[in-house]
>>> print(open('model-v9.txt').read())   # compact mmCIF, C-alpha atoms
# COMPACT_ATOMS: atom_id res chain seq x y z
CA MET A 1 -39.38 -10.53 -25.92
CA PRO A 2 -37.88 -12.58 -28.80
CA ARG A 3 -36.68 -10.64 -31.86
CA ALA A 4 -39.54 -8.67 -33.43
CA THR A 5 -40.78 -9.62 -36.90
CA ARG A 6 -43.75 -8.78 -39.08
CA THR A 7 -45.37 -12.02 -37.92
CA GLY A 8 -45.03 -11.36 -34.22
CA SER A 9 -43.26 -13.39 -31.55
CA LEU A 10 -44.16 -15.74 -28.72
CA VAL A 11 -42.84 -16.55 -25.27
CA ILE A 12 -44.53 -19.20 -23.10
CA VAL A 13 -44.07 -19.03 -19.32
CA GLY A 14 -45.37 -20.82 -16.23
CA THR A 15 -46.59 -19.39 -12.94
CA GLY A 16 -45.40 -22.36 -10.90
CA ILE A 17 -47.87 -24.31 -8.78
CA ALA A 18 -48.17 -21.50 -6.21
CA ILE A 19 -47.81 -17.93 -7.40
CA GLY A 20 -44.71 -17.33 -5.27
CA GLN A 21 -42.81 -19.90 -7.33
CA MET A 22 -42.74 -17.78 -10.48
CA THR A 23 -39.25 -17.12 -11.80
CA VAL A 24 -37.85 -13.60 -12.09
CA GLU A 25 -37.54 -14.09 -15.86
CA ALA A 26 -41.22 -15.10 -16.19
CA ARG A 27 -42.33 -12.08 -14.13
CA GLU A 28 -40.44 -9.70 -16.40
CA TYR A 29 -42.02 -11.14 -19.52
CA ILE A 30 -45.47 -10.89 -17.91
CA LYS A 31 -45.00 -7.27 -16.86
CA THR A 32 -43.63 -6.08 -20.21
CA ALA A 33 -45.77 -8.16 -22.61
CA ARG A 34 -47.62 -6.19 -25.26
CA HIS A 35 -50.24 -8.95 -25.45
CA LEU A 36 -50.74 -11.31 -22.49
CA VAL A 37 -52.98 -14.41 -22.66
CA ALA A 38 -53.39 -16.81 -19.77
CA LEU A 39 -54.63 -20.24 -18.70
CA VAL A 40 -54.15 -20.37 -14.94
CA ALA A 41 -55.67 -22.54 -12.22
CA ASP A 42 -57.30 -20.01 -9.91
CA PRO A 43 -58.78 -16.48 -9.90
CA VAL A 44 -56.18 -15.20 -7.43
CA THR A 45 -53.37 -15.85 -9.92
CA PHE A 46 -55.29 -14.22 -12.77
CA ALA A 47 -56.03 -11.18 -10.60
CA TRP A 48 -52.30 -10.90 -9.92
CA LEU A 49 -51.61 -11.10 -13.67
CA ARG A 50 -54.09 -8.28 -14.33
CA GLN A 51 -52.40 -6.22 -11.65
CA CYS A 52 -49.00 -6.78 -13.27
CA ASN A 53 -50.29 -6.23 -16.79
CA PRO A 54 -53.78 -4.76 -17.39
CA ARG A 55 -53.71 -6.27 -20.90
CA ALA A 56 -54.00 -9.80 -19.49
CA GLU A 57 -56.70 -11.87 -21.21
CA SER A 58 -58.05 -15.21 -19.97
CA LEU A 59 -58.47 -18.05 -22.46
CA HIS A 60 -60.88 -19.98 -20.20
CA ARG A 61 -63.72 -18.76 -22.42
CA PHE A 62 -62.93 -21.65 -24.78
CA TYR A 63 -63.88 -24.24 -22.14
CA ALA A 64 -67.46 -25.46 -21.65
CA ASP A 65 -69.16 -28.34 -19.86
CA GLY A 66 -69.42 -31.38 -22.11
CA LYS A 67 -67.18 -29.84 -24.77
CA ASP A 68 -64.46 -32.04 -26.26
CA ARG A 69 -61.12 -30.92 -24.83
CA ARG A 70 -59.44 -31.50 -28.19
CA LEU A 71 -61.71 -28.86 -29.74
CA THR A 72 -60.96 -26.47 -26.89
CA TYR A 73 -57.21 -26.94 -27.31
CA GLU A 74 -57.42 -26.40 -31.07
CA GLU A 75 -59.39 -23.17 -30.54
CA ILE A 76 -56.81 -21.93 -28.01
CA VAL A 77 -53.94 -22.68 -30.38
CA GLU A 78 -55.68 -20.98 -33.30
CA CYS A 79 -56.49 -17.94 -31.15
CA VAL A 80 -52.85 -17.45 -30.22
CA MET A 81 -51.60 -18.21 -33.74
CA GLY A 82 -54.03 -15.62 -35.07
CA LEU A 83 -52.45 -13.00 -32.83
CA LEU A 84 -48.96 -13.99 -33.96
CA ARG A 85 -49.91 -13.85 -37.63
CA ARG A 86 -51.24 -10.32 -37.08
CA GLY A 87 -47.83 -9.27 -35.82
CA ARG A 88 -48.59 -9.35 -32.09
CA HIS A 89 -45.86 -10.07 -29.54
CA VAL A 90 -47.53 -12.54 -27.21
CA CYS A 91 -46.72 -13.85 -23.74
CA PHE A 92 -48.74 -16.99 -23.00
CA VAL A 93 -48.98 -17.75 -19.27
CA LEU A 94 -49.89 -21.20 -17.94
CA TYR A 95 -50.20 -22.87 -14.56
CA GLY A 96 -47.18 -24.82 -13.29
CA HIS A 97 -44.53 -25.69 -15.86
CA PRO A 98 -45.83 -24.68 -19.32
CA GLY A 99 -44.42 -27.82 -20.94
CA VAL A 100 -45.79 -30.43 -18.52
CA PHE A 101 -49.18 -32.03 -19.28
CA ALA A 102 -50.10 -29.16 -21.56
CA PHE A 103 -50.95 -29.70 -25.24
CA PRO A 104 -51.48 -26.08 -26.48
CA PRO A 105 -47.97 -24.80 -25.61
CA HIS A 106 -46.17 -27.62 -27.43
CA GLU A 107 -48.48 -27.35 -30.43
CA LEU A 108 -47.90 -23.59 -30.53
CA MET A 109 -44.14 -24.14 -30.50
CA ARG A 110 -44.46 -26.61 -33.40
CA ARG A 111 -46.67 -24.31 -35.49
CA ALA A 112 -44.62 -21.21 -34.75
CA CYS A 113 -41.48 -23.08 -35.82
CA ARG A 114 -43.13 -24.15 -39.09
CA GLU A 115 -44.17 -20.56 -39.82
CA ARG A 116 -40.77 -19.20 -38.75
CA ILE A 117 -42.24 -17.13 -35.93
CA PRO A 118 -39.74 -16.54 -33.11
CA ALA A 119 -40.91 -18.53 -30.08
CA ARG A 120 -39.47 -19.89 -26.85
CA MET A 121 -40.71 -21.69 -23.77
CA LEU A 122 -39.33 -20.89 -20.32
CA PRO A 123 -39.14 -23.54 -17.58
CA GLY A 124 -41.34 -23.28 -14.51
CA VAL A 125 -41.97 -25.06 -11.23
CA SER A 126 -44.07 -28.19 -11.81
CA THR A 127 -45.99 -30.52 -9.52
CA GLU A 128 -43.03 -32.89 -9.75
CA ASP A 129 -40.70 -30.24 -8.34
CA CYS A 130 -43.13 -29.64 -5.47
CA LEU A 131 -43.47 -33.38 -4.86
CA PHE A 132 -39.73 -33.86 -4.48
CA ALA A 133 -39.64 -31.06 -1.89
CA ASP A 134 -42.87 -31.88 -0.03
CA LEU A 135 -42.22 -35.64 0.23
CA GLY A 136 -38.48 -35.34 0.81
CA VAL A 137 -37.71 -37.41 -2.29
CA ASP A 138 -34.33 -37.27 -4.01
CA PRO A 139 -34.88 -38.61 -7.55
CA GLY A 140 -31.16 -39.27 -7.85
CA ALA A 141 -31.04 -41.63 -4.87
CA SER A 142 -32.47 -44.73 -6.57
CA GLY A 143 -33.91 -43.26 -9.75
CA CYS A 144 -37.42 -42.06 -10.49
CA GLN A 145 -39.97 -43.12 -13.12
CA SER A 146 -43.11 -41.25 -14.03
CA PHE A 147 -46.10 -42.19 -16.18
CA GLU A 148 -49.57 -40.88 -16.84
CA ALA A 149 -51.77 -43.21 -14.76
CA THR A 150 -54.24 -44.28 -17.47
CA ASP A 151 -51.46 -44.80 -19.99
CA PHE A 152 -49.49 -46.83 -17.43
CA LEU A 153 -52.49 -49.13 -16.94
CA LEU A 154 -53.57 -49.44 -20.58
CA ARG A 155 -50.14 -50.02 -22.09
CA ARG A 156 -48.71 -52.05 -19.20
CA ARG A 157 -45.62 -49.88 -19.02
CA ARG A 158 -42.51 -51.60 -17.71
CA PHE A 159 -40.95 -50.16 -14.57
CA ASP A 160 -38.30 -50.90 -11.95
CA PRO A 161 -39.86 -51.34 -8.48
CA CYS A 162 -36.51 -50.54 -6.87
CA SER A 163 -36.87 -46.98 -8.15
CA ALA A 164 -39.58 -44.50 -7.14
CA LEU A 165 -42.75 -44.54 -9.26
CA ILE A 166 -44.93 -41.48 -9.93
CA LEU A 167 -48.34 -41.89 -11.57
CA TRP A 168 -49.67 -38.56 -12.79
CA GLN A 169 -53.39 -37.80 -13.10
CA PHE A 170 -54.22 -40.69 -10.80
CA GLY A 171 -57.28 -38.72 -9.66
CA VAL A 172 -58.83 -38.94 -13.14
CA ILE A 173 -57.55 -42.41 -14.06
CA GLY A 174 -59.64 -43.99 -16.80
CA GLU A 175 -61.64 -40.83 -17.43
CA ARG A 176 -60.59 -40.71 -21.07
CA CYS A 177 -61.65 -44.27 -21.86
CA CYS A 178 -64.58 -45.19 -19.58
CA PRO A 179 -67.56 -43.54 -17.82
CA LYS A 180 -66.77 -41.64 -14.62
CA LYS A 181 -68.89 -44.07 -12.57
CA MET A 182 -66.37 -46.80 -13.49
CA GLN A 183 -63.36 -44.84 -12.24
CA ARG A 184 -63.10 -46.90 -9.04
CA ASP A 185 -62.92 -50.02 -11.21
CA CYS A 186 -59.90 -48.46 -12.93
CA VAL A 187 -58.26 -47.86 -9.54
CA ARG A 188 -58.89 -51.50 -8.62
CA LEU A 189 -57.26 -52.59 -11.88
CA LEU A 190 -54.29 -50.40 -11.07
CA VAL A 191 -54.02 -51.88 -7.59
CA GLU A 192 -54.11 -55.38 -9.10
CA ARG A 193 -51.30 -54.40 -11.47
CA LEU A 194 -49.14 -52.93 -8.70
CA ALA A 195 -49.89 -55.87 -6.37
CA LEU A 196 -48.05 -58.14 -8.81
CA THR A 197 -44.88 -56.32 -7.77
CA TYR A 198 -45.40 -54.71 -4.36
CA PRO A 199 -46.61 -56.34 -1.12
CA PRO A 200 -50.17 -55.44 0.01
CA ASP A 201 -48.87 -53.47 3.00
CA HIS A 202 -46.55 -51.34 0.83
CA GLU A 203 -47.22 -47.71 1.74
CA VAL A 204 -48.08 -45.38 -1.13
CA ILE A 205 -48.79 -41.64 -0.99
CA LEU A 206 -51.65 -39.65 -2.50
CA TYR A 207 -50.15 -36.23 -3.12
CA GLU A 208 -51.66 -32.84 -3.98
CA ALA A 209 -49.41 -29.81 -4.28
CA SER A 210 -50.63 -26.63 -2.60
CA ILE A 211 -51.58 -23.85 -5.03
CA TYR A 212 -51.44 -21.17 -2.34
CA PRO A 213 -48.33 -19.97 -0.47
CA PHE A 214 -48.12 -20.99 3.19
CA CYS A 215 -50.77 -23.71 2.75
CA GLU A 216 -49.83 -27.32 3.42
CA PRO A 217 -49.87 -29.88 0.59
CA VAL A 218 -51.91 -33.07 0.89
CA ARG A 219 -49.79 -36.13 1.74
CA ARG A 220 -52.16 -39.02 2.39
CA ARG A 221 -50.31 -42.25 3.20
CA VAL A 222 -52.17 -45.50 2.65
CA ARG A 223 -51.40 -49.18 2.23
CA LEU A 224 -51.61 -50.38 -1.34
CA SER A 225 -54.31 -52.89 -0.36
CA ARG A 226 -56.55 -50.02 0.80
CA LEU A 227 -55.92 -47.64 -2.07
CA ALA A 228 -59.14 -48.44 -3.96
CA ARG A 229 -61.17 -47.57 -0.84
CA THR A 230 -59.35 -44.31 -0.08
CA ARG A 231 -60.68 -40.83 -0.86
CA TYR A 232 -58.79 -38.88 -3.49
CA MET A 233 -59.27 -35.74 -5.58
CA PRO A 234 -59.08 -35.17 -9.36
CA ILE A 235 -55.71 -33.45 -8.89
CA SER A 236 -54.24 -36.32 -6.86
CA THR A 237 -50.90 -37.81 -7.91
CA LEU A 238 -49.86 -41.28 -6.74
CA PHE A 239 -46.32 -41.73 -5.43
CA VAL A 240 -45.08 -45.28 -4.93
CA PRO A 241 -41.86 -45.44 -2.87
CA PRO A 242 -39.22 -47.91 -4.06
CA LEU A 243 -38.66 -51.38 -2.70
CA PRO A 244 -35.25 -52.05 -1.07
CA ASP A 245 -32.47 -51.65 -3.60
CA ARG A 246 -30.94 -54.73 -5.20
CA PRO A 247 -27.22 -55.39 -4.57
CA ALA A 248 -24.66 -54.02 -6.98
CA SER A 249 -23.33 -56.39 -9.62
CA PRO A 250 -19.98 -57.90 -8.53
CA ALA A 251 -18.94 -58.29 -12.17
CA VAL A 252 -19.58 -54.62 -12.95
CA LYS A 253 -17.83 -53.55 -9.74
CA ARG A 254 -14.73 -55.53 -10.76
CA ARG A 255 -14.69 -53.93 -14.22
CA LEU A 256 -14.99 -50.48 -12.62
CA GLY A 257 -12.15 -51.28 -10.27
CA TRP A 258 -14.34 -50.93 -7.16
CA LYS A 259 -13.68 -53.03 -4.12
>>> encode(input="model-v9.txt", output="structure tokens")
Amino acid sequence: MPRATRTGSLVIVGTGIAIGQMTVEAREYIKTARHLVALVADPVTFAWLRQCNPRAESLHRFYADGKDRRLTYEEIVECVMGLLRRGRHVCFVLYGHPGVFAFPPHELMRRACRERIPARMLPGVSTEDCLFADLGVDPGASGCQSFEATDFLLRRRRFDPCSALILWQFGVIGERCCPKKMQRDCVRLLVERLALTYPPDHEVILYEASIYPFCEPVRRRVRLSRLARTRYMPISTLFVPPLPDRPASPAVKRRLGWK
């Protein structure tokens, strides 16, 4: 664990998307933690945590139907900060990569820094890492852009169609700003936005990473024109393959000395 102080210490780790993806470093922190708190996606992972460290404590008790997520996140942060202020040495375990689409870990790092509490976050396997492997995508081939789906739609984010496009949280698009029954309308708006750039027969992929080892991910290929009528899940991510690459600039090639 980080250097001990009277105010405790914090390390934040991720389990990966499937439990077998956990790093050796994360496993060691989990096994040796004096105080282990967790927010993981399934009971199998939490059972494994309890087996590794009987002191494991779930923070899912702060969630409730109809409860504002912002209140839940604040309660989680205050719970962990309370432990740190009492001198506890805490390992906080989260699903996937602890720094991707997760408010409490980043807020804990900010508050711990302000209060001079030793804290660090370790990298983990995220859905993006799984997507690259499962779809055979090399983000370095033509570039890769990623946006949260609702934010992409609301703020009309600029993007390069000759690079791959990833829209996270596609399965809950619009949920933050309109009733759930209008979610399909949000998908239609998104399709309209993408159709300004891509042809209607452009194939997109609805992707869901597998949370269990040896289980296949979901890779549902569909034409853009049919996307609004296609079944998807709340955890679905939308991957839009790039259009054919544009030719290299002759002027730049000359300046680089390329033939």
>>> closest_residue(input="model-v9.txt", among="A:Val240, A:Leu190, A:Leu36, A:Ile30", to="Asp160 of chain A", atoms="all atoms listed in the file")
A:Val240
>>> residues_around(input="model-v9.txt", residues="Ser249 of chain A", least_positions_apart="5", cutoff="12 Å", atoms="only C-alpha atoms", output="MDAnalysis selection string")
chainID A and resid 254:256 258:259
>>> write_last_selection(input="model-v9.txt", atoms="C-alpha atoms", output="compact mmCIF listing (two decimals), in the coordinates of the input")
# COMPACT_ATOMS: atom_id res chain seq x y z
CA ARG A 254 -14.73 -55.53 -10.76
CA ARG A 255 -14.69 -53.93 -14.22
CA LEU A 256 -14.99 -50.48 -12.62
CA TRP A 258 -14.34 -50.93 -7.16
CA LYS A 259 -13.68 -53.03 -4.12
>>> residues_around(input="model-v9.txt", residues="segment 193-209 of chain A", least_positions_apart="5", cutoff="6 Å", atoms="all atoms listed in the file", output="VMD selection string")
chain A and resid 217 to 225 236 to 240
>>> closest_atom_pairs(input="model-v9.txt", of="segment 69-98 of chain A", to="segment 50-65 of chain A", cutoff="10 Å", atoms="only C-alpha atoms", output="JSON lines")
{"residue": "A:Arg69", "atom": "CA", "partner": "A:Tyr63", "partner_atom": "CA", "distance": 7.7}
{"residue": "A:Leu71", "atom": "CA", "partner": "A:Phe62", "partner_atom": "CA", "distance": 8.8}
{"residue": "A:Thr72", "atom": "CA", "partner": "A:Phe62", "partner_atom": "CA", "distance": 5.6}
{"residue": "A:Tyr73", "atom": "CA", "partner": "A:Phe62", "partner_atom": "CA", "distance": 8.2}
{"residue": "A:Glu74", "atom": "CA", "partner": "A:Phe62", "partner_atom": "CA", "distance": 9.6}
{"residue": "A:Glu75", "atom": "CA", "partner": "A:Phe62", "partner_atom": "CA", "distance": 6.9}
{"residue": "A:Ile76", "atom": "CA", "partner": "A:Phe62", "partner_atom": "CA", "distance": 6.9}
{"residue": "A:Cys79", "atom": "CA", "partner": "A:Leu59", "partner_atom": "CA", "distance": 8.9}
{"residue": "A:Val80", "atom": "CA", "partner": "A:Leu59", "partner_atom": "CA", "distance": 9.6}
{"residue": "A:Cys91", "atom": "CA", "partner": "A:Ala56", "partner_atom": "CA", "distance": 9.4}
{"residue": "A:Phe92", "atom": "CA", "partner": "A:Ala56", "partner_atom": "CA", "distance": 9.6}
{"residue": "A:Val93", "atom": "CA", "partner": "A:Ala56", "partner_atom": "CA", "distance": 9.4}
>>> residues_around(input="model-v9.txt", residues="Ser163 of chain A", least_positions_apart="6", cutoff="8 Å", atoms="only C-alpha atoms", output="ChimeraX atom specification")
/A:142-145,241-243,245
>>> atom_distance(input="model-v9.txt", atom1="atom CA of Glu148 of chain A", atom2="atom CA of Phe46 of chain A")
27.6 Å
>>> atom_distance(input="model-v9.txt", atom1="atom CA of Val137 of chain A", atom2="atom CA of Val125 of chain A")
15.8 Å
>>> residues_around(input="model-v9.txt", residues="Thr32 of chain A", least_positions_apart="3", cutoff="9 Å", atoms="all atoms listed in the file", output="VMD selection string")
chain A and resid 1 27 to 29 35 52 to 53
>>> axis_aligned_box(input="model-v9.txt", around="segment 200-212 of chain A", padding_each_side="4 Å", output="JSON")
{"center_x": -49.1, "center_y": -38.3, "center_z": -1.0, "size_x": 13.1, "size_y": 42.3, "size_z": 16.0}
>>> closest_residue(input="model-v9.txt", among="A:Thr150, A:Gln169, A:Thr45, A:Ser9", to="Ile117 of chain A", atoms="all atoms listed in the file")
A:Ser9
>>> atom_distance(input="model-v9.txt", atom1="atom CA of Thr230 of chain A", atom2="atom CA of Glu216 of chain A")
19.8 Å
>>> residues_around(input="model-v9.txt", residues="Asp42 of chain A", least_positions_apart="2", cutoff="12 Å", atoms="all atoms listed in the file", output="PyMOL selection string")
chain A and resi 15+17-19+38-40+44-49+58+60+94-96+210-212
>>> closest_residue(input="model-v9.txt", among="A:Val172, A:Val11, A:Val77, A:Cys130", to="Val90 of chain A", atoms="only C-alpha atoms")
A:Val11
>>> closest_residue(input="model-v9.txt", among="A:Pro105, A:Gly124, A:Gly140, A:Pro247", to="Ala164 of chain A", atoms="all atoms listed in the file")
A:Gly140
